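Just start-v8.cif here, mmCIF, C-alpha atoms:
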data_protein
loop_
_atom_site.label_atom_id
_atom_site.label_comp_id
_atom_site.auth_asym_id
_atom_site.auth_seq_id
_atom_site.Cartn_x
_atom_site.Cartn_y
_atom_site.Cartn_z
CA MET O 251 67.78 94.91 114.81
CA THR O 252 69.04 96.11 118.17
CA ASN O 253 70.34 99.60 118.68
CA THR O 254 73.17 100.06 121.15
CA SER O 255 73.42 103.84 120.73
CA TRP O 256 72.80 105.86 123.88
CA LEU O 257 71.30 108.81 121.95
CA PRO O 258 67.71 107.49 121.53
CA LYS O 259 67.58 106.66 125.23
CA VAL O 260 68.80 110.12 126.25
CA LEU O 261 66.39 111.83 123.83
CA ARG O 262 63.53 109.71 125.08
CA TRP O 263 64.17 110.84 128.66
CA ILE O 264 64.62 114.46 127.63
CA PHE O 265 61.31 114.43 125.77
CA THR O 266 59.60 112.64 128.68
CA VAL O 267 60.75 115.39 131.07
CA PHE O 268 59.70 118.09 128.61
CA ALA O 269 56.28 116.49 128.07
CA ILE O 270 55.65 116.25 131.83
CA PHE O 271 56.85 119.85 132.32
CA MET O 272 54.52 121.09 129.57
CA ALA O 273 51.57 119.13 130.93
CA LEU O 274 52.17 120.64 134.40
CA ALA O 275 52.49 124.11 132.84
CA ALA O 276 49.17 123.56 131.03
CA ILE O 277 47.49 122.58 134.29
CA ALA O 278 48.98 125.61 136.09
CA LEU O 279 47.81 127.98 133.34
CA PHE O 280 44.37 126.40 133.31
CA VAL O 281 44.06 126.86 137.09
CA LEU O 282 45.18 130.48 136.71
CA TRP O 283 42.53 130.95 134.03
CA LEU O 284 39.84 129.50 136.32
CA VAL O 285 40.95 131.41 139.44
CA ASP O 286 41.28 134.65 137.43
CA PRO O 287 43.21 136.71 140.04
CA LYS O 288 42.60 140.47 140.08
CA LEU O 289 45.38 143.04 140.15
CA PRO O 290 45.62 144.78 143.56
CA ALA O 291 45.09 148.56 143.45
CA ASP O 292 48.60 149.30 144.75
CA ALA O 293 50.39 146.71 142.60
CA ARG O 294 54.01 147.63 141.84
CA LEU O 295 56.10 145.72 139.35
CA GLY O 296 59.29 146.72 137.62
CA PRO O 297 60.67 148.75 136.05
CA ALA O 298 61.98 145.89 133.96
CA THR O 299 64.32 146.38 131.03
CA VAL O 300 62.98 145.12 127.71
CA GLU O 301 64.15 145.39 124.14
CA ILE O 302 61.85 147.41 121.88
CA MET O 303 62.75 147.78 118.21
CA GLY O 304 66.33 146.76 118.98
CA GLN O 305 66.75 149.47 121.61
CA PRO O 306 66.61 149.14 125.39
CA GLY O 307 63.32 150.20 126.94
CA SER O 308 61.50 149.59 130.20
CA ILE O 309 58.09 148.54 131.42
CA ALA O 310 56.71 149.23 134.87
CA LEU O 311 53.49 148.90 136.83
CA TRP O 312 53.10 151.59 139.46
CA ASN O 313 49.90 151.97 141.54
CA SER O 314 48.01 150.10 138.82
CA ASN O 315 49.34 152.48 136.15
CA PHE O 316 51.24 150.85 133.31
CA MET O 317 54.17 152.69 131.73
CA LEU O 318 56.29 151.66 128.78
CA THR O 319 59.36 153.69 127.83
CA ALA O 320 61.30 153.08 124.63
CA LEU O 321 63.99 154.62 122.44
CA HIS O 322 65.88 156.30 125.31
CA GLY O 323 62.75 157.81 126.81
CA ASN O 324 61.63 159.48 123.57
CA VAL O 325 58.59 157.25 123.26
CA THR O 326 56.33 156.58 126.22
CA LEU O 327 53.08 154.70 126.50
CA GLY O 328 51.05 154.98 129.65
CA VAL O 329 47.82 153.31 130.69
CA LYS O 330 46.07 154.55 133.82
CA GLN O 331 44.24 151.94 135.87
CA ALA O 332 45.89 149.13 133.92
CA GLY O 333 43.70 146.44 135.51
CA GLY O 334 41.66 146.33 132.30
CA LEU O 335 44.78 145.79 130.22
CA ILE O 336 45.99 143.00 132.50
CA GLU O 337 42.51 141.43 132.42
CA LEU O 338 42.48 141.63 128.64
CA ALA O 339 45.96 140.13 128.43
CA MET O 340 44.79 137.31 130.73
CA HIS O 341 41.50 136.81 128.86
CA TYR O 342 43.14 136.56 125.44
CA GLY O 343 46.70 135.61 126.39
CA LEU O 344 46.02 132.70 128.72
CA PRO O 345 44.09 130.57 126.16
CA LEU O 346 46.95 131.33 123.72
CA ALA O 347 49.54 130.24 126.29
CA ILE O 348 47.50 127.10 127.13
CA LEU O 349 47.29 126.32 123.39
CA HIS O 350 51.09 126.63 123.11
CA VAL O 351 51.94 124.44 126.11
CA LEU O 352 49.33 121.81 125.14
CA PHE O 353 50.78 121.68 121.64
CA PHE O 354 54.32 121.27 122.97
CA ALA O 355 53.13 118.61 125.46
CA LEU O 356 51.62 116.70 122.50
CA VAL O 357 54.72 117.05 120.30
CA PHE O 358 57.10 116.06 123.12
CA ASP O 359 54.93 113.04 123.93
CA LEU O 360 54.94 111.99 120.25
CA LEU O 361 58.74 112.41 120.14
CA ARG O 362 59.09 110.42 123.38
CA ARG O 363 57.12 107.56 121.81
CA LEU O 364 59.14 107.81 118.59
CA PHE O 365 62.48 107.61 120.39
CA ARG O 366 61.22 104.72 122.54
CA ASN O 367 60.63 102.83 119.28
CA VAL O 368 63.98 103.95 117.84
CA GLY O 369 65.74 102.83 121.02
CA ARG O 370 64.21 99.37 120.56
CA GLY O 371 65.53 99.27 116.99
CA GLU O 372 62.01 99.73 115.61
CA SER O 373 62.67 102.83 113.51
CA PHE O 374 61.05 101.50 110.37
CA THR O 375 57.71 100.32 111.64
CA ARG O 376 54.26 101.50 110.64
CA GLN O 377 53.83 103.10 114.09
CA SER O 378 57.09 105.08 113.84
CA VAL O 379 56.21 106.34 110.36
CA ARG O 380 52.77 107.38 111.64
CA LEU O 381 54.34 109.22 114.61
CA VAL O 382 56.68 111.21 112.34
CA GLN O 383 53.75 112.07 110.04
CA ILE O 384 51.64 113.26 113.00
CA VAL O 385 54.51 115.44 114.31
CA GLY O 386 54.91 117.04 110.86
CA LEU O 387 51.18 117.63 110.38
CA SER O 388 50.82 118.99 113.94
CA LEU O 389 53.58 121.53 113.28
CA LEU O 390 51.88 122.63 110.06
CA VAL O 391 48.45 122.97 111.68
CA PHE O 392 49.90 124.69 114.74
CA SER O 393 51.78 127.23 112.61
CA VAL O 394 48.46 128.37 111.13
CA VAL O 395 46.42 128.17 114.35
CA SER O 396 49.03 130.01 116.45
CA ALA O 397 49.42 132.73 113.79
CA VAL O 398 45.65 133.35 113.82
CA ALA O 399 45.45 133.24 117.63
CA GLU O 400 48.41 135.61 118.05
CA ALA O 401 46.92 138.03 115.53
CA TRP O 402 43.62 137.92 117.45
CA PHE O 403 45.49 138.61 120.72
CA MET O 404 47.52 141.49 119.29
CA HIS O 405 44.39 142.98 117.71
CA ALA O 406 42.58 142.95 121.07
CA ILE O 407 45.55 144.47 122.92
CA TYR O 408 46.08 147.13 120.25
CA ASN O 409 42.42 148.15 120.29
CA TYR O 410 42.52 148.47 124.07
CA LEU O 411 45.67 150.58 123.89
CA ALA O 412 44.20 152.74 121.11
CA GLU O 413 41.28 153.52 123.38
CA HIS O 414 42.98 153.85 126.75
CA ALA O 415 46.69 154.54 126.27
CA ALA O 416 48.40 157.91 126.27
CA VAL O 417 51.29 157.85 123.81
CA THR O 418 53.94 160.57 123.59
CA ILE O 419 56.78 160.81 121.10
CA SER O 420 59.47 163.35 122.07
CA GLY O 421 56.96 165.12 124.31
CA THR O 422 54.20 165.28 121.69
CA SER O 423 50.98 163.44 122.47
CA LEU O 424 49.77 161.02 119.88
CA HIS O 425 46.43 159.38 119.40
CA LEU O 426 46.57 155.75 118.25
CA PRO O 427 44.03 155.08 115.48
CA ALA O 428 41.62 152.22 116.15
CA SER O 429 42.32 149.10 114.17
CA ASN O 430 39.36 147.67 112.25
CA HIS O 431 41.05 144.65 110.72
CA VAL O 432 43.24 141.79 111.88
CA THR O 433 46.53 141.15 110.11
CA ILE O 434 47.81 137.60 110.34
CA SER O 435 51.57 137.41 109.92
CA GLY O 436 52.95 134.08 110.98
CA GLY O 437 56.18 134.27 109.05
CA GLY O 438 57.93 137.23 110.57
CA GLY O 439 58.42 138.55 107.03
CA SER O 440 59.84 135.29 105.73
CA PRO O 441 58.32 133.97 102.49
CA PHE O 442 58.44 130.43 103.95
CA GLY O 443 56.14 131.28 106.85
CA GLY O 444 56.98 130.80 110.50
CA SER O 445 59.59 128.42 111.82
CA TYR O 446 56.85 125.96 112.81
CA PHE O 447 55.62 125.85 109.22
CA LEU O 448 59.10 125.19 107.81
CA SER O 449 59.84 122.61 110.53
CA GLY O 450 56.53 120.90 109.74
CA LEU O 451 57.43 120.65 106.05
CA LEU O 452 60.87 119.24 106.91
CA VAL O 453 59.42 116.66 109.30
CA LEU O 454 56.80 115.65 106.69
CA ALA O 455 59.63 115.20 104.16
CA LEU O 456 61.45 113.03 106.70
CA SER O 457 58.29 110.99 107.23
CA GLU O 458 58.43 110.03 103.55
CA VAL O 459 62.03 108.86 104.08
CA PHE O 460 60.80 106.76 107.01
CA ARG O 461 57.98 105.36 104.86
CA GLN O 462 60.41 104.31 102.14
CA GLY O 463 62.64 102.82 104.84
CA LEU O 464 59.65 100.78 106.02
CA VAL O 465 59.10 99.45 102.45
CA LEU O 466 62.79 98.44 102.21
CA LYS O 467 62.67 96.80 105.63
CA THR O 468 59.56 94.82 104.66
CA GLU O 469 61.34 93.65 101.50
CA SER O 470 64.39 92.71 103.53
CA ASP O 471 62.31 90.86 106.15
CA LEU O 472 60.51 88.84 103.44
CA THR O 473 63.73 87.81 101.70
CA VAL O 474 64.64 84.41 103.05
CA MET N 137 52.79 86.57 93.50
CA SER N 138 52.86 84.40 90.35
CA ILE N 139 55.83 82.37 91.60
CA LYS N 140 54.84 79.70 94.10
CA LEU N 141 57.06 77.62 96.29
CA ASN N 142 55.80 74.05 96.64
CA LEU N 143 57.77 73.46 99.80
CA ASP N 144 54.92 71.78 101.68
CA ARG N 145 54.39 69.21 98.87
CA VAL N 146 58.11 68.36 98.59
CA MET N 147 58.44 68.17 102.39
CA LEU N 148 55.45 65.82 102.53
CA GLU N 149 56.99 63.58 99.87
CA ARG N 150 60.34 63.54 101.74
CA LYS N 151 58.55 63.14 105.11
CA VAL N 152 60.50 66.02 106.66
CA THR N 153 59.07 68.27 109.35
CA LEU N 154 59.42 72.04 109.35
CA THR N 155 61.56 72.06 112.53
CA GLU N 156 63.85 69.35 111.21
CA LEU N 157 64.33 71.12 107.87
CA ALA N 158 64.97 74.48 109.57
CA ASP N 159 67.68 72.83 111.68
CA ARG N 160 69.28 71.13 108.69
CA ILE N 161 69.46 74.20 106.43
CA GLY N 162 70.29 76.63 109.24
CA ILE N 163 67.45 79.16 108.97
CA THR N 164 64.89 80.09 111.58
CA LEU N 165 61.56 78.36 111.84
CA ALA N 166 59.84 81.73 111.30
CA ASN N 167 61.68 82.29 108.01
CA LEU N 168 61.00 78.75 106.82
CA SER N 169 57.35 79.29 107.67
CA ILE N 170 57.36 82.48 105.52
CA LEU N 171 58.67 80.33 102.62
CA LYS N 172 56.17 77.54 103.21
CA THR N 173 53.17 79.87 103.32
CA ASN N 174 54.34 81.71 100.15
CA LYS N 175 54.63 85.04 101.95
CA ALA N 176 58.27 85.55 100.88
CA ARG N 177 59.06 88.33 98.39
CA ALA N 178 62.44 86.83 97.42
CA ILE N 179 64.59 83.79 98.07
CA ARG N 180 68.38 83.84 98.26
CA PHE N 181 70.34 81.38 96.06
CA SER N 182 72.06 80.16 99.24
CA THR N 183 68.68 79.26 100.79
CA LEU N 184 67.49 77.60 97.58
CA GLU N 185 70.74 75.67 97.38
CA ALA N 186 70.38 74.47 100.99
CA LEU N 187 66.74 73.45 100.38
CA CYS N 188 67.65 71.50 97.21
CA ARG N 189 70.57 69.85 98.98
CA GLU N 190 68.59 68.76 102.04
CA LEU N 191 65.44 67.77 100.15
CA ALA N 192 67.43 66.15 97.33
CA CYS N 193 65.49 67.94 94.62
CA GLN N 194 65.90 70.41 91.76
CA PRO N 195 64.86 74.11 92.01
CA GLY N 196 62.17 73.39 89.41
CA GLU N 197 60.48 70.95 91.78
CA LEU N 198 60.25 73.64 94.44
CA LEU N 199 59.35 76.64 92.29
CA GLU N 200 56.26 76.95 90.11
CA PHE N 201 54.95 79.76 87.90
CA VAL N 202 51.18 80.22 88.20
CA PRO N 203 49.87 82.60 85.49
CA GLY N 204 47.14 85.08 86.44
CA GLU N 205 48.03 85.40 90.12
CA PRO N 206 47.95 89.08 91.11
CA ALA N 207 51.28 90.73 91.90
CA GLU N 208 51.70 91.67 95.55
CA LYS N 209 51.38 95.29 96.60
CA GLU N 210 54.75 97.00 96.73
CA GLU N 211 53.72 99.23 99.65
CA ASP N 212 53.87 98.24 103.32
#
Is it possible to give me this structure as structure tokens?
Amino acid sequence: MTNTSWLPKVLRWIFTVFAIFMALAAIALFVLWLVDPKLPADARLGPATVEIMGQPGSIALWNSNFMLTALHGNVTLGVKQAGGLIELAMHYGLPLAILHVLFFALVFDLLRRLFRNVGRGESFTRQSVRLVQIVGLSLLVFSVVSAVAEAWFMHAIYNYLAEHAAVTISGTSLHLPASNHVTISGGGGSPFGGSYFLSGLLVLALSEVFRQGLVLKTESDLTV
Amino acid sequence: MSIKLNLDRVMLERKVTLTELADRIGITLANLSILKTNKARAIRFSTLEALCRELACQPGELLEFVPGEPAEKEED
């Protein structure tokens, strides 16, 4: 069967561009990881406006000192000589970022191959079914792996801050207690887990539809 | 599949080639080959009718039930 729709072709090109972009991003991050640049002593960045707990806040790097202000200046978090914090963020954050971009490069490449098949009118082939199954399983595995890796990253950052950061709330200094356990929360409070997990389940369900489509197509092809 | 199509035997008796028969009944050579090698899952009445007409035979001469043959797997 030939498919004259333009959609598979457009999607195939979109996913090709995305896959290439992600692969380049992975290479760039990997190079950054290898080069491991150090923060200059007089580095100045920001202040940049960020949203913290739904309220506007700001982050700034001033002469290697890191300052976070939230809730209209009532909460401040400062780290003197923030090179260690940046190094920690790079040490734990870069592998996490590389994991993310590599995963997306893989998924976009799988989707590119799937839509190449769909564009040729080969939606219900063994290869297409396998591609949909791999996308679904990858999303499920990634939802777990990324949740663990993010928890590991947040744990490391929190422990650093607990040791080195000066926190004040409405002018009162506060000492952050050290964390001795890692909490993995991939779902953002949702009982269905993170969006990757739910997407993975949906794609796996779709793969079963594709598999049944393949059975019907085989029947149809062998009816003479 | 317990149902067998004795197309090759009938074609041999009628001295008809696969290409010639495909042309006469208007189906592709690939599909006729699927029938001849007993790989087909089903046959349309229209195809059976065309085969009987061109080979001047009855459906019973083409089709045969062979007991004990394993059923084909439903999956791909």
Determine the residue set returned by the PyMOL selection byres ((chain O and resi 324) around 9) for the present structure, and present it as a PDB file with C-alpha atoms, keeping the file's coordinate frame.
ATOM      1  CA  THR O 319      59.360 153.690 127.830  1.00  0.00           C
ATOM      2  CA  ALA O 320      61.300 153.080 124.630  1.00  0.00           C
ATOM      3  CA  LEU O 321      63.990 154.620 122.440  1.00  0.00           C
ATOM      4  CA  HIS O 322      65.880 156.300 125.310  1.00  0.00           C
ATOM      5  CA  GLY O 323      62.750 157.810 126.810  1.00  0.00           C
ATOM      6  CA  VAL O 325      58.590 157.250 123.260  1.00  0.00           C
ATOM      7  CA  THR O 326      56.330 156.580 126.220  1.00  0.00           C
ATOM      8  CA  THR O 418      53.940 160.570 123.590  1.00  0.00           C
ATOM      9  CA  ILE O 419      56.780 160.810 121.100  1.00  0.00           C
ATOM     10  CA  SER O 420      59.470 163.350 122.070  1.00  0.00           C
ATOM     11  CA  GLY O 421      56.960 165.120 124.310  1.00  0.00           C
TER      12      GLY O 421
END
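Interatomic distance, atom CA of Asn409 of chain O against atom CA of Ser429 of chain O: 6.2 Å.
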**Item:** Within 7 Å of chain N: residues of chain O, using all atoms listed in the file, as a PyMOL selection string
**Value:** chain O and resi 464-465+468-469+472-474
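The closest residue to Asp471 of chain O, picked from O:Thr375, O:Ser396, O:Leu346, O:Ala355 and counting only C-alpha atoms, is O:Thr375.
One distance worth recording is that between atom CA of Asp359 of chain O and atom CA of Pro258 of chain O, which is 14.1 Å.
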Counting only C-alpha atoms, which residues have an atom no more than 7 Å from (68.4, 70.7, 104.0) in the file's coordinates? Please list them as a PDB file with C-alpha atoms, in the coordinates of the input.
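Output (point-v9.pdb):
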ATOM      1  CA  LEU N 157      64.330  71.120 107.870  1.00  0.00           C
ATOM      2  CA  ARG N 160      69.280  71.130 108.690  1.00  0.00           C
ATOM      3  CA  ILE N 161      69.460  74.200 106.430  1.00  0.00           C
ATOM      4  CA  ALA N 186      70.380  74.470 100.990  1.00  0.00           C
ATOM      5  CA  LEU N 187      66.740  73.450 100.380  1.00  0.00           C
ATOM      6  CA  CYS N 188      67.650  71.500  97.210  1.00  0.00           C
ATOM      7  CA  ARG N 189      70.570  69.850  98.980  1.00  0.00           C
ATOM      8  CA  GLU N 190      68.590  68.760 102.040  1.00  0.00           C
ATOM      9  CA  LEU N 191      65.440  67.770 100.150  1.00  0.00           C
TER      10      LEU N 191
END
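Atom CA of Ala332 of chain O is found 28.7 Å from atom CA of Val395 of chain O.
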**Which residue of O:Phe354, O:Pro297, O:Ser314, O:Phe280 approaches Phe265 of chain O most closely, using only C-alpha atoms** = O:Phe354
**Request:** Any chance you could resolve the PyMOL selection byres ((chain O and resi 276) around 12) against this file and give the residues as number ranges by chain?
**Result:** O: 269-275, 277-283, 344-356
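Once the PyMOL selection byres ((chain N and resi 144) around 10) is applied to this file, the selection holds N:Leu141, N:Asn142, N:Leu143, N:Arg145, N:Val146, N:Met147, N:Leu148, N:Glu149, N:Arg150, N:Lys151, N:Val152, N:Thr153, N:Leu154, N:Ser169, N:Leu171, N:Lys172, N:Thr173, N:Leu198.
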Hey, could you pull the box centre and edge lengths for segment 139-158 of chain N, axis-aligned, 6 Å padding per side, all listed atoms, to one decimal in Å, as JSON?
{"center_x": 59.7, "center_y": 72.8, "center_z": 102.1, "size_x": 22.6, "size_y": 31.2, "size_z": 32.9}
Segment 386-392 of chain O surroundings by only C-alpha atoms, 6 Å radius, close-in-sequence under 2 positions cut, as an mmCIF file with C-alpha atoms, keeping the file's coordinate frame:
data_model
loop_
_atom_site.group_PDB
_atom_site.id
_atom_site.type_symbol
_atom_site.label_atom_id
_atom_site.label_comp_id
_atom_site.auth_asym_id
_atom_site.auth_seq_id
_atom_site.Cartn_x
_atom_site.Cartn_y
_atom_site.Cartn_z
ATOM 1 C CA GLN O 383 53.750 112.070 110.040
ATOM 2 C CA ILE O 384 51.640 113.260 113.000
ATOM 3 C CA VAL O 394 48.460 128.370 111.130
ATOM 4 C CA VAL O 395 46.420 128.170 114.350
ATOM 5 C CA SER O 396 49.030 130.010 116.450
ATOM 6 C CA TYR O 446 56.850 125.960 112.810
ATOM 7 C CA PHE O 447 55.620 125.850 109.220
ATOM 8 C CA GLY O 450 56.530 120.900 109.740
ATOM 9 C CA VAL O 453 59.420 116.660 109.300
ATOM 10 C CA LEU O 454 56.800 115.650 106.690
#
